[in-house]
Amino acid sequence: MPTRVSRYGHLPTGFRFCCRPNFLVRSGISIYDNTIQATLDIPVHLLRRKAGCKPHRSRACRYSPVRPCDATRACFHRDVANTAEPQVIPTEPPILNGLRDHLARNISPTQLARARAAFEQIGFAKVGFLAPSSVKANMRSEAETLITHHGIRRDLTLSATGHTARRMRNVRRREINKYSTAVPAVYSCTELRGMLGQITGEAVLECPYQPEQYVITELSADGDTHGWHWDDYSFALVWIIECPPLADGGFVQCVPHTTWNKADPQLHRQFIDNPIYSHELLPGDLYLMRTDTGLHRVYPIRSGRRLIINMAYASQTDLNKQISHETMDTLWAERCSPDRATRPLSGPGD
Ligand SMILES: O=C(O)CCC(=O)C(=O)O
């Protein structure tokens, strides 16, 4: 994304100064915002030192660029104007280095083979080995901040999944993308998707329908649950941030190799005709699940708290299918508008 200085004495189009991390940034967006693609190789503190001005500390906020003083601005123009094509350095959130390094060095063929066998057999594999503890800690801290500031309470049932309940708080993809660095970066990490592809045995692709790409979900009240459902896309990678002890619920149940008929989901028929697998989960676990052909739910909690990040991925087949998104659109609506009001929990259908 090369850039040119248009007129001496003016900032180049689309650029302004930012206190943190002291680089000139494009479009006035901090490089901590994942929408930014590159920074110019001009640390602002050097320009300020050259210009003999004090650092601007008044609004040292990552989202609030400050205006430079005239001396700094002039200094900047002198330096940049003399460079026909300023060098553009791609920037990436630091979390990616840790993840990539781990994926390159620490994954054993045995771990992958075990996960692949489980995934093939029951559409579910624990894959906590794919991320180091530093990455998990970073994801946890962003998820906690996001759920605190942007969580929306949902309390509804969805007819397309047999009127099963959604009782939870969520942060949608839109807010995650706006306020998080780690989650969008990890979601799009090519090396991670490559590793997931070795487990699924097929390409794992970014979900083409953006609102479904990632979501944060918190269960915190007695009876909170993500009731039985299938997903529109093939795969989910779920990061368990917090989970109550088994006795209090919050474990995942799956009925693999089933088909979602949105007009008539027949959940009871699925339960009678197929085995239900239940999986205990602990904080720090990650699991990979086949979600388009795996009916699944989170068992209602009766106390404690469960916090997860769910990343949805598509298969090549998904990209060639006509997928309607009304279930997710209802669930992630601006305001929670149920297609049926919730009723008391009543057994395996919830
Ligand atoms: O919370 C979980 O473990 C599963 C989440 C899930 O099924 C979903 O978000 O579709």
# chains A, B, ... in the order shown; residues from 1 in each chain; ligands from 1

call {"tool": "residues_near_ligand", "arguments": {"ligand": "ligand 1", "cutoff": "10 Å", "atoms": "only C-alpha atoms and all ligand atoms", "output": "ChimeraX atom specification"}}
result
/A:168,170,212,214-219,225-233,235-240,243,250-254,279,281,286-289,291-292,294-299,306-312,328

call {"tool": "residues_around", "arguments": {"residues": "Val255 of chain A", "least_positions_apart": "4", "cutoff": "9 Å", "atoms": "only C-alpha atoms", "output": "list in words"}}
result
Ile122, Gly123, Gln270, Phe271, Asn274, Pro275, Ile276, Tyr277, Thr293, Gly294, Leu295 and His296 of chain A

call {"tool": "select_by_dssp", "arguments": {"residues": "segment 275-321 of chain A", "states": "helix (DSSP H, G or I)", "output": "PDB file with N, CA and C atoms, in the first residue's frame"}}
result
ATOM      1  N   GLN A 316     -15.009 -26.190   1.846  1.00  0.00           N
ATOM      2  CA  GLN A 316     -15.157 -25.821   0.431  1.00  0.00           C
ATOM      3  C   GLN A 316     -16.595 -26.058  -0.019  1.00  0.00           C
ATOM      4  N   THR A 317     -17.193 -27.147   0.474  1.00  0.00           N
ATOM      5  CA  THR A 317     -18.579 -27.462   0.094  1.00  0.00           C
ATOM      6  C   THR A 317     -19.522 -26.324   0.516  1.00  0.00           C
ATOM      7  N   ASP A 318     -19.293 -25.761   1.708  1.00  0.00           N
ATOM      8  CA  ASP A 318     -20.156 -24.658   2.172  1.00  0.00           C
ATOM      9  C   ASP A 318     -20.163 -23.507   1.168  1.00  0.00           C
ATOM     10  N   LEU A 319     -18.987 -23.260   0.589  1.00  0.00           N
ATOM     11  CA  LEU A 319     -18.891 -22.104  -0.309  1.00  0.00           C
ATOM     12  C   LEU A 319     -19.732 -22.304  -1.564  1.00  0.00           C
TER      13      LEU A 319
END

call {"tool": "select_by_dssp", "arguments": {"residues": "segment 114-179 of chain A", "states": "strand (DSSP E or B)", "output": "PyMOL selection string"}}
result
chain A and resi 124-126+152-158+164-171

call {"tool": "residues_around", "arguments": {"residues": "Cys189 of chain A", "least_positions_apart": "2", "cutoff": "12 Å", "atoms": "only C-alpha atoms", "output": "PyMOL selection string"}}
result
chain A and resi 92-93+95-101+103+131+182-187+191-196+204-206+311

call {"tool": "residues_around", "arguments": {"residues": "Thr200 of chain A", "least_positions_apart": "3", "cutoff": "8 Å", "atoms": "only C-alpha atoms", "output": "NGL selection string"}}
result
:A and (116 or 119-120 or 196-197 or 203-204)

call {"tool": "closest_residue", "arguments": {"among": "A:Ser133, A:Ser303, A:Thr327, A:Thr161", "to": "Thr259 of chain A", "atoms": "only C-alpha atoms"}}
result
A:Thr161

call {"tool": "atom_distance", "arguments": {"atom1": "atom CA of Ser159 of chain A", "atom2": "atom CA of Ser315 of chain A"}}
result
25.5 Å

call {"tool": "closest_residue", "arguments": {"among": "A:His150, A:Lys126, A:Lys262, A:Arg290", "to": "Gly162 of chain A", "atoms": "only C-alpha atoms"}}
result
A:Lys262

call {"tool": "atom_distance", "arguments": {"atom1": "atom CA of Lys178 of chain A", "atom2": "atom CA of Ala314 of chain A"}}
result
22.4 Å

call {"tool": "atom_distance", "arguments": {"atom1": "atom CA of Leu130 of chain A", "atom2": "atom CA of Ile107 of chain A"}}
result
7.0 Å
